[in-house]
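Peer 1: Handing over model-v9.tsv, TSV, C-alpha atoms.
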```
chain	number	residue	atom	x	y	z
A	1	MET	CA	90.55	-38.35	185.04
A	2	SER	CA	92.28	-35.57	183.12
A	3	THR	CA	95.05	-33.52	184.73
A	4	ALA	CA	94.82	-30.69	182.19
A	5	PRO	CA	93.73	-27.36	183.66
A	6	SER	CA	90.16	-26.45	182.96
A	7	PRO	CA	89.40	-23.46	180.73
A	8	ASN	CA	87.89	-21.71	183.75
A	9	ARG	CA	91.11	-22.20	185.73
A	10	SER	CA	93.17	-20.81	182.82
A	11	ARG	CA	90.90	-17.81	182.59
A	12	SER	CA	91.10	-17.32	186.34
A	13	LEU	CA	94.89	-17.49	186.26
A	14	TRP	CA	95.06	-15.00	183.41
A	15	ILE	CA	92.80	-12.60	185.27
A	16	ALA	CA	94.81	-13.13	188.45
A	17	LEU	CA	98.06	-12.46	186.58
A	18	ALA	CA	96.65	-9.22	185.19
A	19	LEU	CA	95.45	-8.18	188.65
A	20	ALA	CA	98.82	-9.13	190.14
A	21	ALA	CA	100.50	-6.82	187.65
A	22	VAL	CA	98.18	-3.95	188.57
A	23	VAL	CA	98.65	-4.60	192.27
A	24	ALA	CA	102.42	-4.76	191.72
A	25	ALA	CA	102.41	-1.38	190.05
A	26	ALA	CA	100.39	0.19	192.84
A	27	VAL	CA	102.45	-1.40	195.61
A	28	ILE	CA	105.72	-0.36	194.00
A	29	VAL	CA	104.60	3.23	193.59
A	30	TRP	CA	103.54	3.31	197.23
A	31	PHE	CA	106.64	1.50	198.47
A	32	VAL	CA	109.04	3.73	196.53
A	33	SER	CA	107.26	6.87	197.70
A	34	GLN	CA	107.63	5.65	201.29
A	35	SER	CA	111.28	4.73	200.77
A	36	VAL	CA	112.19	8.07	199.27
A	37	GLY	CA	110.55	9.78	202.19
A	38	SER	CA	108.57	12.93	202.33
A	39	ASP	CA	108.49	15.88	204.63
A	40	PRO	CA	104.82	16.19	205.55
A	41	GLY	CA	105.56	19.18	207.81
A	42	GLY	CA	107.67	20.92	205.20
A	43	ALA	CA	106.72	24.16	203.59
A	44	ALA	CA	104.88	24.12	200.33
A	45	PRO	CA	106.96	25.17	197.34
A	46	THR	CA	106.83	28.88	196.73
A	47	PRO	CA	105.83	29.88	193.22
A	48	THR	CA	108.38	32.06	191.49
A	49	ALA	CA	107.40	35.37	190.03
A	50	THR	CA	107.68	35.77	186.28
A	51	SER	CA	107.74	38.93	184.34
A	52	ALA	CA	104.71	39.60	182.20
A	53	SER	CA	106.95	41.17	179.59
A	54	ALA	CA	109.27	38.17	179.37
A	55	THR	CA	109.27	36.64	175.93
A	56	PRO	CA	109.29	32.86	175.94
A	57	THR	CA	112.28	31.36	174.24
A	58	PRO	CA	111.48	29.09	171.37
A	59	THR	CA	112.39	25.48	171.90
A	60	THR	CA	113.44	23.00	169.32
A	61	THR	CA	112.29	19.45	169.26
A	62	PRO	CA	115.20	17.07	168.91
A	63	THR	CA	115.02	14.89	165.87
A	64	PRO	CA	114.80	11.18	166.59
A	65	THR	CA	117.90	9.19	165.77
A	66	ALA	CA	118.13	5.69	164.45
A	67	THR	CA	120.66	4.74	167.13
A	68	PRO	CA	118.97	3.53	170.31
A	69	THR	CA	119.94	5.31	173.50
A	70	PRO	CA	121.80	3.28	176.13
A	71	ASP	CA	118.59	3.22	178.20
A	72	ALA	CA	116.56	1.92	175.26
A	73	ALA	CA	119.16	-0.78	174.56
A	74	ALA	CA	119.19	-1.81	178.24
A	75	GLU	CA	115.39	-1.89	178.33
A	76	ALA	CA	115.25	-4.02	175.18
A	77	ALA	CA	117.81	-6.43	176.68
A	78	PHE	CA	115.81	-6.57	179.92
A	79	LEU	CA	112.59	-7.40	178.06
A	80	ALA	CA	114.34	-10.00	175.89
A	81	ASP	CA	115.68	-11.63	179.06
A	82	VAL	CA	112.61	-11.44	181.32
A	83	ARG	CA	109.84	-12.39	178.84
A	84	PRO	CA	110.97	-16.01	178.34
A	85	LYS	CA	111.39	-16.45	182.10
A	86	ILE	CA	107.86	-15.23	182.80
A	87	ASN	CA	106.43	-17.23	179.91
A	88	ASP	CA	108.13	-20.40	181.21
A	89	ILE	CA	106.86	-19.87	184.76
A	90	MET	CA	103.31	-19.37	183.52
A	91	ALA	CA	103.49	-22.28	181.06
A	92	GLN	CA	104.59	-24.56	183.90
A	93	THR	CA	101.77	-23.23	186.07
A	94	ASP	CA	99.06	-23.48	183.44
A	95	PRO	CA	100.00	-24.58	179.87
A	96	PRO	CA	97.03	-22.88	178.14
A	97	ILE	CA	98.42	-19.47	179.19
A	98	THR	CA	100.35	-18.49	176.08
A	99	PRO	CA	103.07	-15.84	175.71
A	100	ASP	CA	100.45	-13.60	174.05
A	101	ILE	CA	98.23	-13.83	177.12
A	102	VAL	CA	101.19	-13.08	179.39
A	103	ALA	CA	102.17	-10.09	177.22
A	104	THR	CA	98.61	-8.77	177.48
A	105	ALA	CA	98.55	-9.16	181.26
A	106	LEU	CA	102.09	-7.78	181.69
A	107	PRO	CA	102.82	-5.30	178.89
A	108	ASP	CA	106.39	-4.11	178.28
A	109	GLU	CA	105.83	-0.74	179.94
A	110	GLN	CA	104.56	-2.35	183.10
A	111	LEU	CA	107.40	-4.88	183.23
A	112	LEU	CA	109.90	-2.05	182.83
A	113	MET	CA	108.27	-0.04	185.60
A	114	ILE	CA	108.17	-3.05	187.91
A	115	GLY	CA	111.78	-3.99	187.09
A	116	LYS	CA	113.13	-0.48	187.66
A	117	ASN	CA	111.28	-0.13	190.92
A	118	LEU	CA	112.28	-3.56	192.17
A	119	LEU	CA	115.88	-2.44	191.74
A	120	VAL	CA	115.13	0.16	194.44
A	121	THR	CA	112.97	-1.99	196.71
A	122	GLY	CA	114.63	-5.39	196.27
A	123	ASP	CA	113.22	-8.39	198.09
A	124	ALA	CA	111.12	-6.15	200.34
A	125	GLY	CA	109.33	-4.94	197.21
A	126	ILE	CA	108.67	-8.51	196.13
A	127	ASP	CA	107.28	-9.31	199.58
A	128	ALA	CA	105.03	-6.24	199.45
A	129	ILE	CA	103.75	-7.12	195.96
A	130	VAL	CA	103.04	-10.74	196.91
A	131	ASP	CA	101.30	-9.79	200.15
A	132	ALA	CA	99.15	-7.15	198.44
A	133	THR	CA	98.28	-9.49	195.56
A	134	VAL	CA	97.21	-12.29	197.90
A	135	THR	CA	95.16	-9.79	199.90
A	136	GLN	CA	93.43	-8.55	196.74
A	137	ILE	CA	92.84	-11.77	194.79
A	138	GLY	CA	93.40	-14.61	197.23
A	139	ASP	CA	95.43	-17.64	196.31
A	140	VAL	CA	94.31	-17.96	192.68
A	141	VAL	CA	97.98	-17.67	191.78
A	142	PRO	CA	100.04	-19.52	194.39
A	143	VAL	CA	102.43	-17.40	196.48
A	144	ASP	CA	105.47	-19.34	195.28
A	145	ILE	CA	104.55	-18.61	191.65
A	146	LEU	CA	104.13	-14.90	192.40
A	147	ARG	CA	107.54	-14.89	194.10
A	148	GLN	CA	109.09	-16.68	191.12
A	149	LEU	CA	107.57	-14.16	188.71
A	150	PHE	CA	108.73	-11.06	190.52
A	151	SER	CA	112.10	-12.58	191.43
A	152	ALA	CA	112.66	-13.22	187.72
A	153	VAL	CA	111.81	-9.57	187.01
A	154	LEU	CA	114.26	-8.40	189.68
A	155	GLU	CA	116.98	-10.75	188.42
A	156	SER	CA	116.66	-9.49	184.84
A	157	ALA	CA	116.46	-5.88	186.00
A	158	SER	CA	119.63	-6.34	188.06
A	159	THR	CA	121.40	-7.71	185.01
A	160	HIS	CA	120.24	-5.17	182.42
A	161	LEU	CA	118.85	-2.03	184.04
A	162	THR	CA	121.63	-1.08	186.46
```
I'd like the structure from this file rewritten - as structure tokens, please.
Peer 2:
Amino acid sequence: MSTAPSPNRSRSLWIALALAAVVAAAVIVWFVSQSVGSDPGGAAPTPTATSASATPTPTTTPTPTATPTPDAAAEAAFLADVRPKINDIMAQTDPPITPDIVATALPDEQLLMIGKNLLVTGDAGIDAIVDATVTQIGDVVPVDILRQLFSAVLESASTHLT
């Protein structure tokens, strides 16, 4: 009897990982909006009057520089740190899931968004992501694996994005 994961299980895990990433993004956006707070009874912003005769001032577009900004350098360091962690977790879970598959399911932009938002939400954000993911897709990806994944993202974000 073979212990290797079946192709269907690998495909299911890949799909579940992609869905987990989407759920994570949605949960984080909701969680952060709730954390920041809103004033539902507050007055709507009042539009400001502009003069019809006002001439718009021309704007210049800054020229890109070859030197990365501190944010870009921090983001690159975050991605360089978190990618191997996520790849290792997924390879241990299901060896046929390659780094390319993980990168497709969790693109850089999404990892950055999740990492930055987990800095705000912390462990409560991880709990919310895991709970929402399990609610949406069931236990295709075990809860402990989801926690490992998002804990790794938070750990790398704490190191590089603060």
Peer 1: Give me, please, the distance in Å between CA of Pro96 (chain A) and CA of Gly115 (chain A), quoted to one decimal.
Peer 2: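 Those two atoms sit 25.6 Å apart.
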Peer 1: Need the shell around region 76-93 of chain A: protein/DNA/RNA residues with any atom at most 12 Å away, counting all atoms listed in the file. Skip same-chain ones fewer than 2 positions apart. Format as a PDB file with C-alpha atoms, in the frame of the given file?
Peer 2:
```pdb
ATOM      1  CA  ALA A   4      94.820 -30.690 182.190  1.00  0.00           C
ATOM      2  CA  PRO A   5      93.730 -27.360 183.660  1.00  0.00           C
ATOM      3  CA  ARG A   9      91.110 -22.200 185.730  1.00  0.00           C
ATOM      4  CA  SER A  10      93.170 -20.810 182.820  1.00  0.00           C
ATOM      5  CA  LEU A  13      94.890 -17.490 186.260  1.00  0.00           C
ATOM      6  CA  TRP A  14      95.060 -15.000 183.410  1.00  0.00           C
ATOM      7  CA  ALA A  16      94.810 -13.130 188.450  1.00  0.00           C
ATOM      8  CA  LEU A  17      98.060 -12.460 186.580  1.00  0.00           C
ATOM      9  CA  PRO A  68     118.970   3.530 170.310  1.00  0.00           C
ATOM     10  CA  THR A  69     119.940   5.310 173.500  1.00  0.00           C
ATOM     11  CA  PRO A  70     121.800   3.280 176.130  1.00  0.00           C
ATOM     12  CA  ASP A  71     118.590   3.220 178.200  1.00  0.00           C
ATOM     13  CA  ALA A  72     116.560   1.920 175.260  1.00  0.00           C
ATOM     14  CA  ALA A  73     119.160  -0.780 174.560  1.00  0.00           C
ATOM     15  CA  ALA A  74     119.190  -1.810 178.240  1.00  0.00           C
ATOM     16  CA  PRO A  95     100.000 -24.580 179.870  1.00  0.00           C
ATOM     17  CA  PRO A  96      97.030 -22.880 178.140  1.00  0.00           C
ATOM     18  CA  ILE A  97      98.420 -19.470 179.190  1.00  0.00           C
ATOM     19  CA  THR A  98     100.350 -18.490 176.080  1.00  0.00           C
ATOM     20  CA  PRO A  99     103.070 -15.840 175.710  1.00  0.00           C
ATOM     21  CA  ASP A 100     100.450 -13.600 174.050  1.00  0.00           C
ATOM     22  CA  ILE A 101      98.230 -13.830 177.120  1.00  0.00           C
ATOM     23  CA  VAL A 102     101.190 -13.080 179.390  1.00  0.00           C
ATOM     24  CA  ALA A 103     102.170 -10.090 177.220  1.00  0.00           C
ATOM     25  CA  THR A 104      98.610  -8.770 177.480  1.00  0.00           C
ATOM     26  CA  ALA A 105      98.550  -9.160 181.260  1.00  0.00           C
ATOM     27  CA  LEU A 106     102.090  -7.780 181.690  1.00  0.00           C
ATOM     28  CA  PRO A 107     102.820  -5.300 178.890  1.00  0.00           C
ATOM     29  CA  ASP A 108     106.390  -4.110 178.280  1.00  0.00           C
ATOM     30  CA  GLU A 109     105.830  -0.740 179.940  1.00  0.00           C
ATOM     31  CA  GLN A 110     104.560  -2.350 183.100  1.00  0.00           C
ATOM     32  CA  LEU A 111     107.400  -4.880 183.230  1.00  0.00           C
ATOM     33  CA  LEU A 112     109.900  -2.050 182.830  1.00  0.00           C
ATOM     34  CA  MET A 113     108.270  -0.040 185.600  1.00  0.00           C
ATOM     35  CA  ILE A 114     108.170  -3.050 187.910  1.00  0.00           C
ATOM     36  CA  GLY A 115     111.780  -3.990 187.090  1.00  0.00           C
ATOM     37  CA  LYS A 116     113.130  -0.480 187.660  1.00  0.00           C
ATOM     38  CA  VAL A 140      94.310 -17.960 192.680  1.00  0.00           C
ATOM     39  CA  VAL A 141      97.980 -17.670 191.780  1.00  0.00           C
ATOM     40  CA  PRO A 142     100.040 -19.520 194.390  1.00  0.00           C
ATOM     41  CA  VAL A 143     102.430 -17.400 196.480  1.00  0.00           C
ATOM     42  CA  ASP A 144     105.470 -19.340 195.280  1.00  0.00           C
ATOM     43  CA  ILE A 145     104.550 -18.610 191.650  1.00  0.00           C
ATOM     44  CA  LEU A 146     104.130 -14.900 192.400  1.00  0.00           C
ATOM     45  CA  ARG A 147     107.540 -14.890 194.100  1.00  0.00           C
ATOM     46  CA  GLN A 148     109.090 -16.680 191.120  1.00  0.00           C
ATOM     47  CA  LEU A 149     107.570 -14.160 188.710  1.00  0.00           C
ATOM     48  CA  PHE A 150     108.730 -11.060 190.520  1.00  0.00           C
ATOM     49  CA  SER A 151     112.100 -12.580 191.430  1.00  0.00           C
ATOM     50  CA  ALA A 152     112.660 -13.220 187.720  1.00  0.00           C
ATOM     51  CA  VAL A 153     111.810  -9.570 187.010  1.00  0.00           C
ATOM     52  CA  LEU A 154     114.260  -8.400 189.680  1.00  0.00           C
ATOM     53  CA  GLU A 155     116.980 -10.750 188.420  1.00  0.00           C
ATOM     54  CA  SER A 156     116.660  -9.490 184.840  1.00  0.00           C
ATOM     55  CA  ALA A 157     116.460  -5.880 186.000  1.00  0.00           C
ATOM     56  CA  SER A 158     119.630  -6.340 188.060  1.00  0.00           C
ATOM     57  CA  THR A 159     121.400  -7.710 185.010  1.00  0.00           C
ATOM     58  CA  HIS A 160     120.240  -5.170 182.420  1.00  0.00           C
ATOM     59  CA  LEU A 161     118.850  -2.030 184.040  1.00  0.00           C
ATOM     60  CA  THR A 162     121.630  -1.080 186.460  1.00  0.00           C
TER      61      THR A 162
END
```
Peer 1: Provide the CA of Leu118 (chain A) to CA of Ala24 (chain A) distance in Å, to one decimal place.
Peer 2: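 Answer for the CA of Leu118 (chain A) to CA of Ala24 (chain A) separation: 9.9 Å.
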Peer 1: To one decimal in Å, tell me the separation between CA of Gly138 (chain A) and CA of Val120 (chain A).
Peer 2: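 Those two atoms sit 26.4 Å apart.
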